[in-house]
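*Asks:* File name final-v6.txt; file contents compact mmCIF, C-alpha atoms; full text below.
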# COMPACT_ATOMS: atom_id res chain seq x y z
CA MET A 492 15.49 -22.53 -4.76
CA ASP A 493 12.77 -22.83 -2.15
CA THR A 494 13.69 -26.17 -0.65
CA THR A 495 10.58 -26.27 1.57
CA ILE A 496 8.52 -27.10 -1.53
CA LEU A 497 11.04 -29.75 -2.50
CA ILE A 498 10.86 -31.29 0.97
CA SER A 499 7.09 -31.20 1.01
CA GLU A 500 6.66 -32.69 -2.48
CA ALA A 501 9.20 -35.42 -1.79
CA LYS A 502 7.47 -36.10 1.56
CA ALA A 503 10.95 -36.10 3.07
CA ARG A 504 11.43 -36.63 6.78
CA PHE A 505 13.87 -34.68 8.87
CA ASN A 506 16.71 -36.98 9.98
CA HIS A 507 17.48 -35.95 13.52
CA ASN A 508 20.53 -38.18 14.01
CA SER A 509 22.22 -36.98 10.85
CA ALA A 510 21.56 -33.38 11.82
CA LYS A 511 23.06 -34.00 15.25
CA ALA A 512 26.14 -35.62 13.69
CA TYR A 513 26.53 -32.69 11.30
CA LEU A 514 26.42 -30.23 14.22
CA LYS A 515 29.04 -32.21 16.11
CA ASP A 516 31.33 -32.23 13.07
CA LYS A 517 30.82 -28.54 12.54
CA TYR A 518 31.38 -27.32 16.07
CA ASP A 519 33.99 -29.84 17.24
CA SER A 520 36.33 -28.46 14.61
CA LYS A 521 35.72 -24.91 15.81
CA LEU A 522 36.90 -25.87 19.30
CA ILE A 523 40.38 -26.58 17.97
CA VAL A 524 42.89 -23.81 18.51
CA ALA A 525 46.57 -23.48 17.59
CA ASP A 526 48.50 -21.43 20.14
CA GLN A 527 52.01 -21.23 21.58
CA SER A 528 53.34 -23.88 19.16
CA GLY A 529 50.76 -26.46 20.21
CA LEU A 530 47.31 -27.56 19.13
CA TRP A 531 44.55 -27.46 21.73
CA LYS A 532 40.91 -28.33 22.09
CA ALA A 533 38.83 -25.87 24.05
CA ASP A 534 37.09 -28.61 26.01
CA THR A 535 35.99 -28.75 29.64
CA GLN A 536 38.87 -31.00 30.67
CA THR A 537 41.62 -28.71 29.39
CA ILE A 538 39.95 -25.57 30.71
CA THR A 539 39.44 -27.16 34.13
CA PHE A 540 43.07 -28.27 34.32
CA LEU A 541 44.37 -24.84 33.31
CA SER A 542 42.10 -23.21 35.90
CA ALA A 543 43.27 -25.57 38.63
CA MET A 544 46.97 -24.90 38.13
CA ASP A 545 48.77 -21.97 39.81
CA ASP A 546 52.06 -21.55 37.96
CA ASN A 547 52.39 -19.00 35.20
CA PHE A 548 54.18 -21.41 32.89
CA ILE A 549 53.26 -25.09 32.76
CA VAL A 550 53.97 -28.00 30.45
CA LEU A 551 50.86 -29.46 28.86
CA MET A 552 50.31 -32.29 26.39
CA ASP A 553 48.72 -30.91 23.23
CA THR A 554 46.36 -32.88 20.98
CA PHE A 555 49.36 -34.27 19.08
CA ASN A 556 50.67 -35.67 22.38
CA ASN A 557 53.63 -33.31 22.37
CA PRO A 558 54.59 -31.68 25.67
CA VAL A 559 54.46 -27.94 25.19
CA GLU A 560 55.46 -25.24 27.67
CA VAL A 561 52.69 -22.65 27.71
CA ASN A 562 51.77 -19.40 29.35
CA ARG A 563 48.86 -20.77 31.36
CA ASP A 564 46.87 -17.54 31.70
CA LYS A 565 47.12 -16.70 28.03
CA LEU A 566 46.02 -20.16 26.92
CA LEU A 567 43.22 -20.27 29.48
CA VAL A 568 41.77 -16.96 28.30
CA LEU A 569 41.90 -18.10 24.68
CA LEU A 570 40.31 -21.50 25.36
CA LYS A 571 37.56 -20.02 27.52
CA GLU A 572 36.71 -17.43 24.89
CA THR A 573 36.67 -20.09 22.17
CA TYR A 574 34.61 -22.49 24.28
CA ASN A 575 31.98 -19.89 25.15
CA LYS A 576 31.64 -18.57 21.62
CA VAL A 577 31.45 -21.99 19.95
CA MET A 578 29.14 -23.59 22.50
CA LEU A 579 26.71 -20.68 22.34
CA GLU A 580 26.54 -21.02 18.55
CA TRP A 581 26.19 -24.80 18.83
CA HIS A 582 23.41 -24.46 21.40
CA LYS A 583 21.55 -21.93 19.23
CA GLU A 584 21.65 -24.17 16.17
CA TRP A 585 20.79 -27.19 18.30
CA LYS A 586 17.65 -25.42 19.61
CA GLU A 587 16.62 -24.67 16.03
CA LEU A 588 17.11 -28.34 15.22
CA GLU A 589 15.18 -29.50 18.29
CA SER A 590 12.20 -27.39 17.26
CA LYS A 591 11.85 -29.66 14.20
CA ARG A 592 10.99 -32.69 16.32
CA MET B 1302 52.46 -15.20 0.90
CA ARG B 1303 49.45 -17.47 1.15
CA GLY B 1304 47.25 -18.73 -1.63
CA ALA B 1305 45.19 -21.58 -3.02
CA LEU B 1306 45.99 -23.90 -5.91
CA LEU B 1307 43.47 -25.74 -8.08
CA PHE B 1308 44.04 -28.31 -10.81
CA ALA B 1309 41.40 -28.28 -13.54
CA PHE B 1310 41.60 -30.35 -16.72
CA ASN B 1311 38.30 -30.70 -18.54
CA SER B 1312 37.26 -34.26 -19.33
CA PRO B 1313 34.75 -35.22 -22.04
CA LYS B 1314 32.11 -35.44 -19.31
CA PHE B 1315 32.87 -32.62 -16.87
CA ASN B 1316 33.94 -28.99 -17.15
CA TYR B 1317 36.49 -28.80 -14.37
CA TYR B 1318 37.55 -25.28 -15.37
CA GLU B 1319 34.03 -24.03 -14.68
CA MET B 1320 34.06 -25.82 -11.34
CA ALA B 1321 37.42 -24.22 -10.55
CA VAL B 1322 36.09 -20.73 -11.30
CA ALA B 1323 33.17 -21.22 -8.91
CA THR B 1324 35.47 -22.63 -6.22
CA ALA B 1325 38.02 -19.85 -6.74
CA LYS B 1326 35.36 -17.19 -6.22
CA ARG B 1327 34.34 -18.83 -2.97
CA ILE B 1328 37.98 -19.09 -1.87
CA ASN B 1329 38.42 -15.36 -2.56
CA HIS B 1330 35.22 -14.55 -0.69
CA PHE B 1331 35.47 -16.79 2.37
CA LEU B 1332 39.23 -17.25 2.77
CA GLY B 1333 40.47 -14.00 1.24
CA LEU B 1334 43.17 -15.88 -0.65
CA PRO B 1335 44.39 -15.50 -4.24
CA VAL B 1336 43.93 -18.56 -6.43
CA THR B 1337 46.28 -20.08 -8.99
CA ILE B 1338 44.92 -22.56 -11.49
CA VAL B 1339 46.82 -25.34 -13.24
CA THR B 1340 45.07 -26.19 -16.47
CA ASP B 1341 45.67 -26.88 -20.15
CA ASN B 1342 44.88 -25.05 -23.39
CA ASP B 1343 41.96 -27.37 -24.12
CA SER B 1344 40.26 -26.47 -20.84
CA LEU B 1345 40.90 -22.73 -20.99
CA PRO B 1346 37.78 -20.95 -22.34
CA LYS B 1347 38.19 -18.32 -25.06
CA LYS B 1348 36.25 -15.79 -23.02
CA GLN B 1349 37.21 -15.81 -19.38
CA SER B 1350 34.70 -14.57 -16.83
CA TYR B 1351 37.09 -14.68 -13.91
CA THR B 1352 40.71 -13.64 -13.49
CA PHE B 1353 42.89 -16.05 -11.57
CA ASP B 1354 45.93 -14.83 -9.69
CA ASN B 1355 48.02 -17.04 -12.00
CA VAL B 1356 47.18 -19.41 -14.82
CA ILE B 1357 49.74 -22.18 -15.19
CA LEU B 1358 49.47 -24.19 -18.38
CA ALA B 1359 50.50 -27.80 -18.10
CA ASP B 1360 49.93 -30.98 -20.05
CA ALA B 1361 47.16 -33.16 -18.70
CA ASP B 1362 48.05 -36.80 -18.18
CA LYS B 1363 45.14 -38.52 -19.91
CA THR B 1364 45.99 -42.09 -19.04
CA ASN B 1365 43.66 -42.55 -16.07
CA LYS B 1366 40.21 -44.12 -16.37
CA ARG B 1367 37.25 -44.50 -14.06
CA ASP B 1368 33.94 -46.32 -14.34
CA TRP B 1369 32.29 -43.16 -15.73
CA GLY B 1370 35.06 -42.23 -18.18
CA VAL B 1371 38.48 -40.59 -18.44
CA TRP B 1372 39.73 -38.92 -15.27
CA TYR B 1373 42.56 -36.41 -15.58
CA ASN B 1374 43.68 -36.47 -11.97
CA LYS B 1375 47.30 -37.49 -12.39
CA GLY B 1376 50.15 -35.07 -11.89
CA ARG B 1377 49.00 -33.61 -8.59
CA TYR B 1378 52.57 -34.07 -7.36
CA ARG B 1379 53.46 -31.00 -9.43
CA ALA B 1380 51.60 -28.83 -6.90
CA TYR B 1381 54.80 -28.13 -5.01
CA GLN B 1382 56.62 -27.05 -8.15
CA PHE B 1383 53.71 -24.98 -9.51
CA SER B 1384 52.59 -23.17 -6.38
CA PRO B 1385 53.80 -19.56 -6.35
CA TYR B 1386 52.94 -19.28 -2.66
CA ALA B 1387 55.03 -19.89 0.44
CA GLU B 1388 51.95 -21.42 2.08
CA THR B 1389 49.40 -23.15 -0.12
CA ILE B 1390 46.00 -24.77 0.22
CA LEU B 1391 45.63 -27.34 -2.54
CA LEU B 1392 41.96 -28.10 -3.13
CA ASP B 1393 39.86 -30.34 -5.33
CA THR B 1394 37.66 -28.22 -7.58
CA ASP B 1395 34.52 -29.91 -6.23
CA TYR B 1396 35.13 -28.74 -2.67
CA MET B 1397 32.43 -26.29 -1.62
CA VAL B 1398 33.96 -23.57 0.56
CA ASN B 1399 31.33 -22.10 2.90
CA SER B 1400 33.45 -20.75 5.74
CA ASP B 1401 36.92 -19.53 6.69
CA LYS B 1402 37.73 -22.82 8.43
CA LEU B 1403 40.55 -23.79 6.08
CA LEU B 1404 42.57 -20.75 7.19
CA LYS B 1405 43.14 -22.61 10.45
CA THR B 1406 45.34 -25.11 8.61
CA PHE B 1407 48.00 -22.42 8.18
CA ASP B 1408 48.21 -22.05 11.95
CA LEU B 1409 48.78 -25.75 12.59
CA PRO B 1410 52.31 -26.50 13.80
CA THR B 1411 53.24 -28.37 10.62
CA ASP B 1412 54.43 -27.79 7.06
CA PHE B 1413 52.12 -30.38 5.47
CA CYS B 1414 48.69 -31.68 6.39
CA CYS B 1415 45.67 -33.37 4.90
CA HIS B 1416 42.58 -35.17 6.19
CA ASP B 1417 42.75 -38.72 7.53
CA THR B 1418 39.14 -39.05 8.63
CA THR B 1419 35.87 -38.37 6.86
CA SER B 1420 32.21 -37.96 7.66
CA PHE B 1421 29.40 -38.46 5.23
CA LEU B 1422 26.42 -36.16 5.47
CA MET B 1423 23.38 -38.40 6.18
CA HIS B 1424 25.67 -41.38 6.96
CA PRO B 1425 26.83 -40.60 10.51
CA ASN B 1426 28.32 -44.07 11.09
CA ALA B 1427 30.10 -44.65 7.79
CA VAL B 1428 33.36 -46.58 8.20
CA GLN B 1429 36.70 -45.00 7.32
CA GLU B 1430 38.15 -46.03 3.99
CA MET B 1431 41.29 -48.16 3.87
CA LEU B 1432 43.67 -48.88 1.00
CA SER B 1433 42.69 -52.50 1.56
CA VAL B 1434 41.78 -54.69 4.51
CA TYR B 1435 45.48 -55.50 4.92
CA SER B 1436 46.69 -51.94 4.66
CA PHE B 1437 46.42 -48.41 6.01
CA ASN B 1438 43.59 -45.97 6.53
CA THR B 1439 43.33 -43.66 3.55
CA LEU B 1440 44.50 -40.09 3.68
CA TRP B 1441 42.55 -37.66 1.52
CA ALA B 1442 44.04 -35.44 -1.17
CA THR B 1443 40.89 -33.30 -1.35
CA VAL B 1444 42.38 -30.65 0.93
CA VAL B 1445 46.13 -30.35 1.42
CA MET B 1446 47.97 -27.52 3.13
CA PHE B 1447 51.68 -27.32 2.50
CA LYS B 1448 54.50 -24.89 3.02
CA LYS B 1449 57.62 -24.60 0.88
CA THR B 1450 59.90 -26.78 2.96
CA LYS B 1451 62.24 -29.63 2.16
CA ARG B 1452 59.93 -32.14 3.83
CA ALA B 1453 56.86 -31.03 1.90
CA GLU B 1454 58.90 -31.22 -1.30
CA GLN B 1455 59.92 -34.77 -0.41
CA ILE B 1456 56.29 -35.77 0.10
CA PHE B 1457 55.36 -34.50 -3.36
CA ASN B 1458 58.43 -36.18 -4.87
CA CYS B 1459 57.30 -39.42 -3.23
CA LEU B 1460 53.81 -38.88 -4.64
CA GLU B 1461 55.34 -38.73 -8.13
CA MET B 1462 57.27 -41.92 -7.43
CA VAL B 1463 54.15 -43.69 -6.17
CA GLN B 1464 52.15 -42.52 -9.19
CA ASN B 1465 54.83 -43.82 -11.55
CA ASN B 1466 54.90 -47.19 -9.76
CA PHE B 1467 51.25 -47.47 -8.80
CA ASP B 1468 50.92 -51.11 -9.91
CA HIS B 1469 53.79 -52.08 -7.66
CA TYR B 1470 52.27 -50.37 -4.61
CA ALA B 1471 48.84 -51.80 -5.42
CA ASN B 1472 50.41 -55.24 -5.44
CA ILE B 1473 52.06 -54.70 -2.06
CA HIS B 1474 49.04 -53.13 -0.37
CA GLY B 1475 46.35 -55.25 -2.03
CA PHE B 1476 44.25 -52.65 -3.80
CA ILE B 1477 43.13 -52.41 -7.41
CA SER B 1478 45.48 -50.33 -9.51
CA ALA B 1479 43.27 -49.84 -12.57
CA THR B 1480 42.47 -46.27 -11.51
CA PHE B 1481 45.11 -44.02 -10.00
CA ARG B 1482 43.83 -42.22 -6.93
CA ASN B 1483 45.65 -39.27 -5.41
CA ASP B 1484 44.23 -40.27 -2.02
CA TYR B 1485 46.05 -43.59 -2.16
CA GLY B 1486 49.17 -42.00 -3.63
CA LEU B 1487 49.27 -39.42 -0.86
CA THR B 1488 48.69 -42.05 1.84
CA LEU B 1489 51.75 -43.96 0.67
CA ALA B 1490 53.86 -40.90 -0.09
CA THR B 1491 53.46 -39.32 3.35
CA ARG B 1492 54.32 -42.60 5.05
CA ILE B 1493 57.43 -43.09 2.93
CA ALA B 1494 58.59 -39.49 3.43
CA ASN B 1495 58.07 -39.88 7.19
CA GLY B 1496 60.26 -42.99 7.38
CA HIS B 1497 57.37 -45.45 6.92
CA THR B 1498 55.52 -44.14 9.94
CA THR B 1499 52.56 -41.87 10.48
CA THR B 1500 52.76 -38.53 12.20
CA LYS B 1501 49.68 -37.01 13.77
CA GLU B 1502 50.98 -33.59 12.83
CA ASP B 1503 50.31 -34.35 9.15
CA VAL B 1504 46.60 -34.59 9.81
CA ILE B 1505 43.99 -31.85 9.66
CA PRO B 1506 42.32 -32.17 13.07
CA TRP B 1507 38.74 -32.35 11.88
CA ASN B 1508 36.79 -34.57 9.49
CA LEU B 1509 36.52 -34.05 5.78
CA LEU B 1510 32.80 -33.83 5.10
CA HIS B 1511 31.67 -35.76 2.03
CA VAL B 1512 28.38 -35.72 0.19
CA GLY B 1513 28.23 -39.34 -0.93
CA LYS B 1514 26.00 -41.78 -2.75
CA ASN B 1515 22.22 -41.36 -2.90
CA THR B 1516 22.64 -37.89 -1.42
CA SER B 1517 21.88 -34.60 -3.16
CA VAL B 1518 22.49 -31.05 -2.03
CA TYR B 1519 20.23 -28.12 -2.90
CA ARG B 1520 20.94 -24.45 -2.35
CA LYS B 1521 18.44 -22.75 -0.09
CA ASN B 1522 18.72 -19.50 -2.03
CA ASN B 1523 20.36 -18.18 -5.16
CA ASP B 1524 22.86 -15.78 -3.58
CA GLU B 1525 26.26 -16.23 -5.17
CA TYR B 1526 27.82 -16.87 -1.79
CA ASN B 1527 24.96 -18.83 -0.31
CA THR B 1528 26.02 -21.02 2.62
CA GLU B 1529 22.71 -22.69 3.44
CA TYR B 1530 21.73 -26.00 1.91
CA THR B 1531 19.18 -28.76 2.17
CA VAL B 1532 20.71 -32.21 1.98
CA MET B 1533 18.37 -34.92 0.73
CA PHE B 1534 19.05 -38.62 1.10
CA ASP B 1535 17.35 -41.60 -0.54
CA ASN B 1536 17.14 -44.16 2.24
CA TRP B 1537 16.33 -47.55 0.72
CA GLN B 1538 14.22 -49.68 3.04
CA ARG B 1539 12.47 -52.89 2.00
CA GLY B 1540 12.70 -52.03 -1.67
CA LYS B 1541 11.26 -48.54 -1.20
CA ILE B 1542 12.92 -45.16 -1.02
CA ARG B 1543 12.29 -43.10 2.06
CA LYS B 1544 13.42 -39.50 1.52
CA GLU B 1545 15.23 -37.91 4.44
CA TYR B 1546 16.74 -34.46 4.77
CA ILE B 1547 18.71 -32.10 6.95
CA ASN B 1548 19.56 -28.43 6.62
CA ILE B 1549 23.14 -27.26 6.93
CA LYS B 1550 24.82 -23.87 6.95
CA ASP B 1551 28.34 -22.37 7.02
CA MET B 1552 29.91 -25.80 6.61
CA ASP B 1553 32.47 -26.79 3.96
CA PHE B 1554 31.83 -30.05 2.12
CA HIS B 1555 33.18 -32.15 -0.70
CA VAL B 1556 30.66 -33.17 -3.36
CA MET B 1557 31.55 -36.57 -4.83
CA ASN B 1558 28.74 -36.39 -7.35
CA LYS B 1559 30.07 -34.01 -10.02
CA GLU B 1560 26.64 -33.51 -11.62
CA ASN B 1561 25.33 -32.30 -8.28
CA PHE B 1562 28.27 -29.93 -7.90
CA MET B 1563 27.61 -28.50 -11.38
CA GLU B 1564 23.96 -27.94 -10.40
CA LEU B 1565 25.02 -26.14 -7.24
CA ILE B 1566 27.29 -23.71 -9.07
CA SER B 1567 25.02 -23.15 -12.06
CA GLU B 1568 21.76 -22.33 -10.29
Can the structure from this file be put into structure tokens for me?

*Replies:*
Amino acid sequence: MDTTILISEAKARFNHNSAKAYLKDKYDSKLIVADQSGLWKADTQTITFLSAMDDNFIVLMDTFNNPVEVNRDKLLVLLKETYNKVMLEWHKEWKELESKR
Amino acid sequence: MRGALLFAFNSPKFNYYEMAVATAKRINHFLGLPVTIVTDNDSLPKKQSYTFDNVILADADKTNKRDWGVWYNKGRYRAYQFSPYAETILLDTDYMVNSDKLLKTFDLPTDFCCHDTTSFLMHPNAVQEMLSVYSFNTLWATVVMFKKTKRAEQIFNCLEMVQNNFDHYANIHGFISATFRNDYGLTLATRIANGHTTTKEDVIPWNLLHVGKNTSVYRKNNDEYNTEYTVMFDNWQRGKIRKEYINIKDMDFHVMNKENFMELISE
């Protein structure tokens, strides 16, 4: 179905806030990673903390609030990779959305 | 071994078997999992267009009613017993799989999980549903991942107990018992099995995305495994409808409006 005709005939308006909320739902979930028996979010706070620490093994609270001993380097690499990949995709789709303003 | 399990009992109004076939194909395509269906002889078509990994015949409990008619949703507690898989994703047949996101649930450090929060497309600030104002936030039975463990078995046993005593639990928690809802049953069953507490580990760590009232979804193309949709919403303002839309892609969602789901799979 060509939905552009549907949109035009219905005189429908693009709902920017709903689109933004949809993108947040979509990409927030992609930032979640299970690793080393814990559940992590590849967010700036966790990545910064992992980068700031020196020890190879540290204990970190996961998103379930359980303390988990992790290999810092391994988790940092995984979270950085996830963060970069997801945020690039999010940014790309966000730009497409912005162009509809 | 991993797999998916679907329950599909046709009602006078809706062909759940047909919905299950469409969902199973998408599960195969996006998740790469085999699918087992639980159905009855009345729902099974004479000519089958799709081969399920397993077909389990069971009697449908036809005692549940909703505003739009009979609703054969009871008996979901049998999922544990019926699943041939060590790790299972139990899905509603009207869940539109558009990505491999559900595979992540297998990696969560738990043996049982379901959604506890929802989002509605086109309703970004919708409140979370509760059993009643005096009770708990609702868990959702739309997507459940479970492994064959004693604890998961206990949760499903509790679900059976709650279903069989639904009036009693409705009385305690202050909700209407006229229609049995698996969501409510699961909310109570998980709490009971966890010693009347909640555990964050039982929760899928992202929102269940619903397509709710006054909202329709249209496919953007007719590919069998299309993942792009236009979502149209009738926004009532001062007695007039203002149509609003967004476009979505590669995002799983649950279609509450069964007619809309049938349109999506039949186009």

*Asks:* Extract, using all atoms listed in the file, all DNA, RNA and protein residues at most 7 Å from Tyr574 of chain A, discarding same-chain residues fewer than 5 positions from it, and format them as a list in words.

*Replies:*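 So, after excluding close chain neighbours, the residues are Leu522, Ala533 and Asp534 of chain A.
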
*Asks:* Rank A:Leu497, A:Lys532, A:Arg563, A:Glu572 by their smallest atom-to-atom distance to Asp546 of chain A, using only C-alpha atoms, and report the top residue only.

*Replies:*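 Smallest distance to Asp546 of chain A is found for A:Arg563.
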
*Asks:* Quick check: residues of chain A within 7 Å of chain B, only C-alpha atoms, returned as a list in words.

*Replies:*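 Close enough to count are Met492, Asp493, Thr494, Ala501, Lys502, Ala503, Arg504, Phe505, Asn506, Ser509, Ala510, Ala512, Tyr513, Asp516, Lys517, Ser520, Ala525, Ser528, Gly529, Leu530 and Phe555 of chain A.
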
*Asks:* Just the number, please: distance in Å from atom CA of Glu1560 of chain B to atom CA of Glu1461 of chain B, one decimal.

*Replies:*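 Between atom CA of Glu1560 of chain B and atom CA of Glu1461 of chain B the gap works out to 29.4 Å.
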
*Asks:* Using atom CA of Phe1562 of chain B and atom CA of Lys1314 of chain B as the two end points, give the distance in Å to one decimal.

*Replies:*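 Result for atom CA of Phe1562 of chain B versus atom CA of Lys1314 of chain B: 13.2 Å, one decimal.
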
*Asks:* For atom CA of Val1444 of chain B and atom CA of Ile1390 of chain B, quote the distance in Å rounded to one decimal.

*Replies:*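 Calculated distance between atom CA of Val1444 of chain B and atom CA of Ile1390 of chain B is 6.9 Å.
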
*Asks:* Which polymer residues have any atom within 8 Å of an atom of His1555 of chain B, counting only C-alpha atoms, with same-chain residues fewer than 3 positions away left out, as a list in words?

*Replies:*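 Near His1555 of chain B, the qualifying residues are Asp1395, Tyr1396, Met1397, Thr1443, Leu1509, Leu1510, His1511 and Val1512 of chain B.
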
*Asks:* For the residues in the current selection, export C-alpha atoms as a compact mmCIF listing (two decimals), keeping the file's coordinate frame.

*Replies:*
# COMPACT_ATOMS: atom_id res chain seq x y z
CA ASP B 1395 34.52 -29.91 -6.23
CA TYR B 1396 35.13 -28.74 -2.67
CA MET B 1397 32.43 -26.29 -1.62
CA THR B 1443 40.89 -33.30 -1.35
CA LEU B 1509 36.52 -34.05 5.78
CA LEU B 1510 32.80 -33.83 5.10
CA HIS B 1511 31.67 -35.76 2.03
CA VAL B 1512 28.38 -35.72 0.19
